[in-house]
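So the structure is just underneath, and the comments pick up after that.
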There are 2 protein chains.
Amino acid sequence: MSEPTYTQTQQVKIIRNEALLEKAERLKPVLIEKQVVPTRLVDVQPDPKAIHGWQVVDAGTPDELTRRSLGKGDSVIVDFGDHRVGYLSFDVSPVGSPPDAPLKLKLTFGEMPVEMAEPFSSYEGWISSSWLQEELLFVDVLPARIELPRRYSFRYLKLEVVDSSQKYKISFRDLSVRAVTSADGAVLQPLNHPDPLLQKIDQVSIRTLEDCMQDVFEDGPKRDRRLWLGDLRLQAMANYETFRSNDLVKRCLYLFAGLPDERGRVAANLFIEPTVIADDTYMYDYSLFFAASLYDYYEASGDREALQDLWPTARKQINLAWDYTSNGLVSVESDWLPFIDWHPDLHKHAPAQGVLIYALKKGIRLAEAVGGPEGEQAAAVWKKAVTQAEKAAMEHLWDESQGFFVSGEECQVSWASQIWMALSETLSTEDNQKLLLRLLEQKPKIGMTTPYLHHHLVEALLISDLRTAAVAHLEFYWGAMIEDGADTFWELYDPADKSFSPYGNHLINSYCHAWSCTPTYLIRKYNL
Amino acid sequence: MSEPTYTQTQQVKIIRNEALLEKAERLKPVLIEKQVVPTRLVDVQPDPKAIHGWQVVDAGTPDELTRRSLGKGDSVIVDFGDHRVGYLSFDVSPVGSPPDAPLKLKLTFGEMPVEMAEPFSSYEGWISSSWLQEELLFVDVLPARIELPRRYSFRYLKLEVVDSSQKYKISFRDLSVRAVTSADGAVLQPLNHPDPLLQKIDQVSIRTLEDCMQDVFEDGPKRDRRLWLGDLRLQAMANYETFRSNDLVKRCLYLFAGLPDERGRVAANLFIEPTVIADDTYMYDYSLFFAASLYDYYEASGDREALQDLWPTARKQINLAWDYTSNGLVSVESDWLPFIDWHPDLHKHAPAQGVLIYALKKGIRLAEAVGGPEGEQAAAVWKKAVTQAEKAAMEHLWDESQGFFVSGEECQVSWASQIWMALSETLSTEDNQKLLLRLLEQKPKIGMTTPYLHHHLVEALLISDLRTAAVAHLEFYWGAMIEDGADTFWELYDPADKSFSPYGNHLINSYCHAWSCTPTYLIRKYNL
C-alpha cells in the first residue's frame with residue numbers, strides 16, 4: 001500500500017537496536033529459485049465483460065516465438081502461464097543482413113491483461129509511474145543474451161521492437177524467468193477441499209503468499225515491495241497454516257523492533273535496501289499489530305527467546321496507544337493516524353477503538369506468557385484498560401437505537417466500525433452475531449474498499465460462529481476475483497467498481513498483494 | 001555513413017582468410033582511458049543565428065549539480081567541455097524521505113546542443129532511431145552508483161527525472177566519463193601554426209581522428225561506429241601525420257583483406273562485433289581505395305610483410321574494377337555502385353573514372369614496390385590501362401567548349417567530376433589549375449554535400465599547386481564549422497543549408513566523423 005494521508009514530513013529520530021537488527025540479519029532466508037518458461041503467446045482484445053475491459057486470447061505456442069521475425073513496430077506478448085516474481089533472460093538474434101544499427105527494444109511486464117493493453121504513458125495517478133514495470137533496451141551487439149538485473153512481478157511480457165533498421169529484423173529464443181521466493185513448497189500440506197471453489201481460493205491465496213515471501217514478507221512484489229506491519233500480521237497468519245516459515249516472521253518482527261523512533265513507536269513499514277530503514281510513516285493500528293503479531297508468532301512457535309527480546313517493544317506499542325485515549329476512548333491524533341481501510345470518507349475513531357481493545361486482549365495473553373512480576377503487572381494494568389475501553393465504547397460509540405457502533409460527531413455507521421468492534425469481542429458472541437447479521441443485511445453506505453477489510457469481516461463472522469455467512473462472503477469476494485481472472489489475489493477489488501484504484505489508475509494497482517492472501521488462513525485455521 | 005542506395009539484399013558468399021584475420025586480431029590495440037569530469041552546467045536556448053537554432057548558455061558550475069535536488073519533471077544539462085567517447089558513471093542519492101518508489105531517469109547524450117533541445121521523439125528519418133543516444137533507467141535502490149555499460153559519443157548530457165515520488169528528490173554526484181581511444185597523444189607533434197584558424201582547425205581535426213580511433217578506425221563513434229574503407233583511407237592519411245598508429249591501419253587493411261566475397265571484392269565496410277563480418281554492401285570506389293590505402297600504408301611504414309600479404313587483394317580490386325570498363329571507360333553497374341558523394345542528383349560515371357585512374361596510378365607504384373615478375377607485369381598492364389582510361393576520359397567525358405568533365409547522357413557538370421578527374425592527374429598540372437579555378441569561379445549547380453568531397457577538392461587544389469585557393473577553401477569550410485561550434489568535425493556540413501541531413505533529420509547526423517578529420521593531414525603533409 002501507499003498512503004499519502006500518512007506521509008509525515010517531520011524528521012523522526014530512529015534509535016537503532018543493533019542487537020535486534022543483527023539477529024534479523026542472521027535470519028535472512030536463502031531464496032529458492034525455479035526456471036519458468038512461457039506457456040503460450042497471447043493477444044489482448046477489448047471485451048466489455050472482462051475486468052478492465054480486456055481479454056487475453058491464444059496467439060500461438062511458445063515455439064512460434066522463435067520462428068517469428070520482428071521488425072520495427074512489431075510486438076509479441078508472451079504468457080508465462082501463472083504469476084511469477086523473478087528475473088527475465090532471453091536470447092535475441094538478428095534475421096537478415098548484419099545489424100547496421102542498435103536494436104531498440106521495449107519490454108512491458110504485466111500481472112494483468114490491462115497492463116499489456118493500455119499504454120503506461122496513459123497513467124496519470126498520484127503515485128510514481130516508476131512502479132509500472134517496463135524497460136527500454138538498446139542492444140549494440142547482436143546476437144545477444146539479455147539478462148535483466150531487475151526483479152519483476154508478472155505473468156505477461158510484451159516485447160516490442162521500437163526500432164531495428166531496414167536491413168534486419170530479430171527473433172527471440174530461450175525466454176525464461178528465474179522465479180524466486182523464500183517459501184518452501186515442500187512443507188505445504190494439500191487441502192483437498194470438497195468445495196472446488198474453496199480449493200481454488202486456497203491455492204490462489206498460497207500462490208499470493210508465496211510470491212510475496214522474499215527476503216522479508218513484502219506487501220506486493222510489484223509494488224511497494226516493502227515490509228508493512230499490517231500486511232506482515234496477515235501474511236504471518238497465513239504462513240503458520242501453510243509454509244510455516246516461522247523464521248521469516250521472526251526476522252521481520254526483529255527488524256521492526258530494531259528501528260523504533262525516540263518515543264519507542266515501531267514504523268508502519270520498513271525499507272530493506274540498501275540497508276534497513278524505518279519509513280517516516282506511523283500508523284496507530286499498525287503499531288498495535290506489532291503486539292498482536294508477536295503473540296501470534298509465540299503461539300505458533302513457542303519461541304521464548306523472541307518473546308523475551310521483543311516483549312518490551314510490544315508492551316511499548318500498547319502503552320503508547322493507551323496514551324492516546326481519554327477516559328478509555330481512542331482520541332486519534334494527526335501524528336499517529338490509523339489505517340483501517342482505504343475508504344476516503346471513513347471515520348476512524350470507532351474502528352480504532354476496536355483495534356485497541358483487540359490488541360490489548362492479545363497483549364494480556366502475551367504478558368501472561370512472559371510471566372513474572374513484569375508480565376503479571378502488565379496483564380493486570382491492561383485488563384483494567386480493556387474494561388475501561390469496552391465501557392467507553394459502549395457508552396460513547398454504541399447506538400442502541402440503530403444497533404450499530406458509530407464514529408465521530410456525525411455518528412457515522414461504517415462496516416469498518418462494526419467489524420473491528422466485533423473483532424474486539426466487546427459484545428458477547430450472541431450480540432456480535434446480531435451486530436454482524438444486521439451489518440450484512442443493512443449494508444451501510446460506508447463500505448469496504450480493500451481485501452484487507454474484507455478479511456477482517458470474514459474473521460469477525462468466524463469468531464462469532466457465523467460460519468455459513470463467513471464462507472458465503474469468502475466465496476462471494478475472493479471467488480469473484482478468481483472469476484475475474486486472478487492468478488494471485490489483488491490489492492484492491494470492489495465487485496461493484498472493478499477498476500477502482502485509490503491511486504487514480506488501475507494500471508498501478510498491485511495484483512499480487514499480501515493482505516489479500518488470507519483465505520488460506522481462514523479456510524485452514526477454521527476448517528471451513 | 002549509412003547509404004540506402006547501396007544496400008544489397010542478395011546473399012554474398014564470403015571467403016574468409018583466417019591467416020589474415022588472425023594477424024588482424026593480434027594487432028588489436030589496447031585502449032587508452034582517461035577520466036573526464038564536467039566543466040559546467042548549461043541550458044539550451046533558441047537562437048536563430050546559432051546552428052540548428054540552439055545556443056548553449058552557462059547555467060552553473062559542476063559543484064552546483066551536487067547541491068541541486070531534482071524532483072519529478074526536473075532536468076539538468078551537464079557539459080563535459082569537449083567531445084568525448086566513453087563510458088558514463090555517476091552517483092545518485094535520494095534527498096528527503098527514504099525512496100518509496102523506484103527512480104525513473106532519462107539520459108540524453110548529445111554531441112550538439114540540438115540533441116539537448118529537440119526531443120528524440122520528433123525524429124522521423126529513415127535510418128534507425130536507435131542511433132539517438134538515450135537511456136531510460138529504473139533505479140530500485142538508492143543511493144546507487146550507476147555505471148552504464150554502453151559507450152556514448154557526446155559532449156552534453158541531459159539528466160531528467162521522469163519520476164521519483166512525492167516523498168523524495170534526488171541529487172547527482174561524481175559524474176565522470178571514462179573516455180577511450182587507441183590514439184596515443186604522446187607521439188603527437190605540436191603544430192604551432194602562425195595562422196590561429198589553421199591551428200584551431202588542425203586541433204579539431206586531431207580531436208576528431210582521436211575519438212574515431214578505437215579497436216578499429218570507426219567512421220563515427222556515435223554512428224555508424226563501423227569500419228568503412230572510404231573513411232579508413234582518409235583517417236590513415238591523417239594518422240600518418242599525427243598519431244602514427246600504423247598498426248591500427250595495418251589491422252584494418254588485414255580485416256578487409258580477410259573477408260572478400262567469392263569474386264574477391266572487399267566490402268565497403270565491416271562489422272567488428274560480435275565477430276568481424278563483411279557488410280553486404282560493395283562500392284566501386286571504396287574497393288579501389290583498398291589499393292590506394294595499401295600504397296599509402298606501405299609508403300608510411302615500409303612494412304614489406306603487409307605488402308606481400310595484402311598485395312593480392314589490392315591487385316584484385318583494381319583488376320575487378322577494370323573489368324567494369326568498356327574501352328577504358330567506367331561502366332558502372334548496379335551491383336557495384338560508387339559512392340563519391342551524398343548529392344542525390346550526382347551522376348557518378350565521370351568521378352568514378354577519376355577514381356579508377358587515381359587508383360591505377362597508386363596501383364602501379366604498389367606493383368613497382370612489390371617488384372619481381374609479378375609486380376612488373378601488373379605495373380605494365382596498369383600503365384596501359386591508365387593510358388587507355390585517360391584517353392577515354394578525354395574523348396568521352398571532356399567537354400572542351402565548357403572546359404569541364406561531364407557525366408552521363410545529360411552531360412552533367414558536377415564538382416565531383418572535376419575534383420576526381422583533377423586528382424586522377426589526367427590533365428597536366430597547368431590544365432588542372434585552369435580546370436579547378438574555373439570550377440571555383442563557375443560553381444556548378446551539382447555541388448558538394450560532404451566534408452569527404454570537400455577534402456578531395458582541397459587535395460586536388462594542392463596537387464595542382466593552388467595552395468592559396470586550397471587554404472582559402474580549408475578555412476572557408478572547416479573554419480565555418482568551427483565558427484558554428486564544432487568541437488569535432490561533422491559528417492555533414494553545408495554552409496548554405498546547415499540543417500542538411502541525407503537521413504531526413506539533423507538529430508541523427510554524426511558530429512564527430514572520420515571523413516572530416518583530414519585538415520590535419522592537408523595542413524601538415526603540404527606544410528600549409
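Every chain in the C-alpha cells takes a letter, A first, then B, and so on in the order presented; its residues are numbered from 1, and the ligands are numbered from 1 following the presented order.
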Check your understanding: Given a cut-off of 6 Å, which residues of chain B touch chain A, counting only C-alpha atoms, written out as a list of chain:residue names?
Key ->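 Applying the cut-off to the listed atoms yields B:Pro102, B:Lys104, B:Ser128, B:Ser130, B:Leu136, B:Ser165.
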Practice item. Using only C-alpha atoms, determine which residues lie at most 10 Å from Gly53 in chain A, disregarding the query and same-chain residues fewer than 6 positions distant; provide the list as a VMD selection string. Key: chain A and resid 44 to 47 113 to 114 117 498 to 499
Practice item. Run DSSP on the backbone and give me the residues of range 80-284 of chain B it puts in strand (DSSP E), as a ChimeraX atom specification. Key: /B:80-96,103-110,134-139,144-147,152-163,168-181,227-228,269-271,277-278
Those same residues, written as a JSON list (two decimals), in the first residue's frame with C-alpha atoms?
[["chain", "number", "residue", "atom", "x", "y", "z"],
["B", 80, "PHE", "CA", 31.88, 17.82, -20.33],
["B", 81, "GLY", "CA", 33.74, 20.67, -22.01],
["B", 82, "ASP", "CA", 34.67, 18.86, -25.20],
["B", 83, "HIS", "CA", 33.65, 15.93, -27.35],
["B", 84, "ARG", "CA", 34.17, 12.60, -25.57],
["B", 85, "VAL", "CA", 33.78, 8.96, -26.42],
["B", 86, "GLY", "CA", 33.39, 6.70, -23.46],
["B", 87, "TYR", "CA", 31.51, 5.29, -20.56],
["B", 88, "LEU", "CA", 29.44, 7.32, -18.12],
["B", 89, "SER", "CA", 29.20, 6.76, -14.41],
["B", 90, "PHE", "CA", 27.69, 8.74, -11.56],
["B", 91, "ASP", "CA", 26.28, 8.54, -8.08],
["B", 92, "VAL", "CA", 22.65, 9.28, -7.46],
["B", 93, "SER", "CA", 21.35, 9.87, -3.93],
["B", 94, "PRO", "CA", 17.92, 10.46, -2.50],
["B", 95, "VAL", "CA", 17.02, 13.75, -0.83],
["B", 96, "GLY", "CA", 14.11, 13.79, 1.63],
["B", 103, "LEU", "CA", 13.67, 6.32, -9.63],
["B", 104, "LYS", "CA", 12.82, 6.68, -13.32],
["B", 105, "LEU", "CA", 15.60, 8.55, -15.02],
["B", 106, "LYS", "CA", 16.07, 9.54, -18.62],
["B", 107, "LEU", "CA", 19.51, 10.25, -20.01],
["B", 108, "THR", "CA", 20.08, 12.00, -23.31],
["B", 109, "PHE", "CA", 23.56, 12.25, -24.77],
["B", 110, "GLY", "CA", 24.38, 14.86, -27.36],
["B", 134, "GLU", "CA", 19.41, 7.88, -24.82],
["B", 135, "GLU", "CA", 18.65, 5.61, -21.88],
["B", 136, "LEU", "CA", 15.66, 5.08, -19.66],
["B", 137, "LEU", "CA", 16.83, 3.83, -16.28],
["B", 138, "PHE", "CA", 14.88, 2.47, -13.35],
["B", 139, "VAL", "CA", 16.83, 2.54, -10.11],
["B", 144, "ALA", "CA", 23.28, 3.99, -6.21],
["B", 145, "ARG", "CA", 26.42, 4.05, -8.27],
["B", 146, "ILE", "CA", 25.38, 3.94, -11.90],
["B", 147, "GLU", "CA", 27.93, 2.61, -14.38],
["B", 152, "TYR", "CA", 28.49, 7.04, -25.90],
["B", 153, "SER", "CA", 29.84, 9.82, -28.10],
["B", 154, "PHE", "CA", 28.94, 13.19, -26.65],
["B", 155, "ARG", "CA", 29.80, 16.47, -25.06],
["B", 156, "TYR", "CA", 26.44, 17.18, -23.41],
["B", 157, "LEU", "CA", 24.38, 15.00, -21.12],
["B", 158, "LYS", "CA", 20.82, 15.74, -20.09],
["B", 159, "LEU", "CA", 19.65, 14.08, -16.88],
["B", 160, "GLU", "CA", 15.87, 14.11, -16.47],
["B", 161, "VAL", "CA", 13.91, 12.85, -13.51],
["B", 162, "VAL", "CA", 10.89, 11.33, -15.24],
["B", 163, "ASP", "CA", 9.51, 10.26, -11.87],
["B", 168, "TYR", "CA", 11.89, 12.21, -2.26],
["B", 169, "LYS", "CA", 14.01, 14.03, -4.78],
["B", 170, "ILE", "CA", 17.49, 13.12, -5.93],
["B", 171, "SER", "CA", 20.90, 14.64, -6.41],
["B", 172, "PHE", "CA", 23.81, 13.66, -8.61],
["B", 173, "ARG", "CA", 27.44, 13.41, -7.66],
["B", 174, "ASP", "CA", 30.74, 12.30, -9.14],
["B", 175, "LEU", "CA", 29.69, 12.28, -12.77],
["B", 176, "SER", "CA", 32.53, 11.21, -14.98],
["B", 177, "VAL", "CA", 33.30, 9.76, -18.35],
["B", 178, "ARG", "CA", 35.91, 7.07, -18.84],
["B", 179, "ALA", "CA", 36.99, 8.37, -22.24],
["B", 180, "VAL", "CA", 38.57, 5.81, -24.55],
["B", 181, "THR", "CA", 40.69, 5.93, -27.69],
["B", 227, "LEU", "CA", 34.98, 0.41, -40.26],
["B", 228, "TRP", "CA", 34.29, 1.93, -43.68],
["B", 269, "ASN", "CA", 32.54, -1.74, -44.58],
["B", 270, "LEU", "CA", 32.93, -4.30, -41.83],
["B", 271, "PHE", "CA", 31.08, -5.02, -38.62],
["B", 277, "ILE", "CA", 31.60, -9.63, -40.57],
["B", 278, "ALA", "CA", 31.65, -8.10, -44.04]]
Review point. If you count only C-alpha atoms, which residues fall within 8 Å of range 313-327 of chain A, apart from same-chain ones fewer than 2 positions away, as a list of chain:residue names?
Key: A:Ala257, A:Gly264, A:Arg265, A:Val266, A:Tyr284, A:Ser287, A:Leu288, A:Phe290, A:Ala291, A:Leu294, A:Leu310, A:Trp311, A:Leu329, A:Val330, A:Ser331, A:Val332, A:Glu333, A:Leu356, A:Ala359, A:Leu360, A:Gly363, A:Ala378, A:Gln388, A:Ala389, A:Ala392
I need the residues from that last selection saved to file as a CSV table (one decimal), in the first residue's frame (with N, CA, C and O atoms), if you can.
chain,number,residue,atom,x,y,z
A,257,ALA,N,11.3,-4.1,15.5
A,257,ALA,CA,11.7,-3.8,16.9
A,257,ALA,C,13.1,-3.1,16.9
A,257,ALA,O,13.4,-2.4,17.8
A,264,GLY,N,9.6,5.3,20.9
A,264,GLY,CA,9.5,3.8,21.1
A,264,GLY,C,8.5,3.2,20.1
A,264,GLY,O,8.3,2.0,20.0
A,265,ARG,N,7.9,4.0,19.2
A,265,ARG,CA,7.0,3.5,18.3
A,265,ARG,C,7.7,2.7,17.1
A,265,ARG,O,8.7,3.2,16.6
A,266,VAL,N,7.1,1.6,16.7
A,266,VAL,CA,7.6,1.0,15.5
A,266,VAL,C,6.9,1.6,14.3
A,266,VAL,O,5.8,2.1,14.4
A,284,TYR,N,-1.4,4.2,13.9
A,284,TYR,CA,-1.9,3.8,15.2
A,284,TYR,C,-2.2,2.3,15.3
A,284,TYR,O,-1.7,1.5,16.1
A,287,SER,N,1.0,-0.1,14.5
A,287,SER,CA,1.9,-0.2,15.7
A,287,SER,C,1.3,-1.2,16.7
A,287,SER,O,2.1,-2.1,17.2
A,288,LEU,N,0.0,-1.1,16.9
A,288,LEU,CA,-0.6,-2.1,17.9
A,288,LEU,C,-0.5,-3.5,17.4
A,288,LEU,O,-0.4,-4.5,18.1
A,290,PHE,N,2.0,-4.9,16.1
A,290,PHE,CA,3.2,-5.5,16.5
A,290,PHE,C,3.0,-6.5,17.7
A,290,PHE,O,3.4,-7.6,17.7
A,291,ALA,N,2.2,-6.0,18.7
A,291,ALA,CA,1.9,-6.8,19.8
A,291,ALA,C,1.1,-8.0,19.4
A,291,ALA,O,1.4,-9.2,19.8
A,294,LEU,N,3.3,-10.5,17.5
A,294,LEU,CA,4.3,-11.2,18.4
A,294,LEU,C,3.5,-12.3,19.1
A,294,LEU,O,4.0,-13.4,19.2
A,310,LEU,N,11.4,-9.3,22.3
A,310,LEU,CA,10.5,-8.4,21.6
A,310,LEU,C,9.4,-7.9,22.5
A,310,LEU,O,8.7,-7.0,22.1
A,311,TRP,N,9.2,-8.6,23.6
A,311,TRP,CA,8.2,-8.2,24.6
A,311,TRP,C,8.2,-6.7,24.9
A,311,TRP,O,7.2,-6.0,24.9
A,329,LEU,N,-11.3,6.1,25.7
A,329,LEU,CA,-11.8,6.3,24.4
A,329,LEU,C,-10.6,6.7,23.5
A,329,LEU,O,-9.9,7.7,23.8
A,330,VAL,N,-10.4,6.0,22.4
A,330,VAL,CA,-9.3,6.4,21.5
A,330,VAL,C,-9.5,7.9,21.0
A,330,VAL,O,-10.6,8.2,20.5
A,331,SER,N,-8.5,8.6,21.1
A,331,SER,CA,-8.5,10.0,20.6
A,331,SER,C,-7.4,10.2,19.6
A,331,SER,O,-6.3,10.5,20.0
A,332,VAL,N,-7.7,9.9,18.4
A,332,VAL,CA,-6.7,9.8,17.3
A,332,VAL,C,-6.1,11.1,17.0
A,332,VAL,O,-6.9,12.1,16.9
A,333,GLU,N,-4.8,11.2,17.0
A,333,GLU,CA,-4.2,12.5,16.6
A,333,GLU,C,-3.4,12.3,15.3
A,333,GLU,O,-3.1,11.3,14.9
A,356,LEU,N,-7.8,-1.2,19.3
A,356,LEU,CA,-7.1,-1.1,20.6
A,356,LEU,C,-7.5,-2.2,21.6
A,356,LEU,O,-6.7,-2.8,22.2
A,359,ALA,N,-6.1,-5.5,20.5
A,359,ALA,CA,-4.6,-5.6,20.8
A,359,ALA,C,-4.4,-5.7,22.3
A,359,ALA,O,-3.5,-6.5,22.7
A,360,LEU,N,-5.2,-5.0,23.0
A,360,LEU,CA,-5.0,-5.1,24.5
A,360,LEU,C,-5.2,-6.6,24.9
A,360,LEU,O,-4.5,-7.1,25.8
A,363,GLY,N,-2.4,-8.5,24.0
A,363,GLY,CA,-1.3,-8.1,24.9
A,363,GLY,C,-1.4,-8.8,26.2
A,363,GLY,O,-0.3,-9.2,26.8
A,378,ALA,N,1.8,-6.0,33.8
A,378,ALA,CA,1.3,-5.5,32.6
A,378,ALA,C,-0.1,-6.1,32.3
A,378,ALA,O,-1.1,-5.4,31.9
A,388,GLN,N,-12.1,-0.6,30.9
A,388,GLN,CA,-12.4,0.9,30.7
A,388,GLN,C,-12.7,1.2,29.2
A,388,GLN,O,-13.6,1.9,28.9
A,389,ALA,N,-11.9,0.6,28.3
A,389,ALA,CA,-12.1,0.8,26.9
A,389,ALA,C,-13.5,0.3,26.4
A,389,ALA,O,-14.2,0.9,25.6
A,392,ALA,N,-16.2,2.5,27.7
A,392,ALA,CA,-16.2,3.8,27.0
A,392,ALA,C,-16.9,3.5,25.6
A,392,ALA,O,-17.7,4.4,25.1
Review point. Which of these residues is nearest to Trp515 in chain B, using only C-alpha atoms: B:Phe217, B:Tyr503, B:Tyr477, B:Tyr452?
Key: B:Tyr452
Practice item. Name the residues in contact with Tyr286 in chain A at a cut-off of 7 Å, using only C-alpha atoms, excluding same-chain residues fewer than 6 positions from it; report them as an NGL selection string. Key: :A and (229-230 or 268)
Please produce a file of those selected residues containing C-alpha atoms, as an mmCIF file, in the first residue's frame.
data_model
loop_
_atom_site.group_PDB
_atom_site.id
_atom_site.type_symbol
_atom_site.label_atom_id
_atom_site.label_comp_id
_atom_site.auth_asym_id
_atom_site.auth_seq_id
_atom_site.Cartn_x
_atom_site.Cartn_y
_atom_site.Cartn_z
ATOM 1 C CA LEU A 229 3.368 -4.265 9.558
ATOM 2 C CA GLY A 230 -0.317 -4.525 8.675
ATOM 3 C CA ALA A 268 4.315 1.302 9.761
#
Exercise for review: Might you pull out every residue within 9 Å of Asn239 in chain B, with only C-alpha atoms counted and same-chain residues fewer than 2 positions away left off, and present them as a ChimeraX atom specification?
Suggested key: /B:183,206,209,234-237,241-246,249,520-521
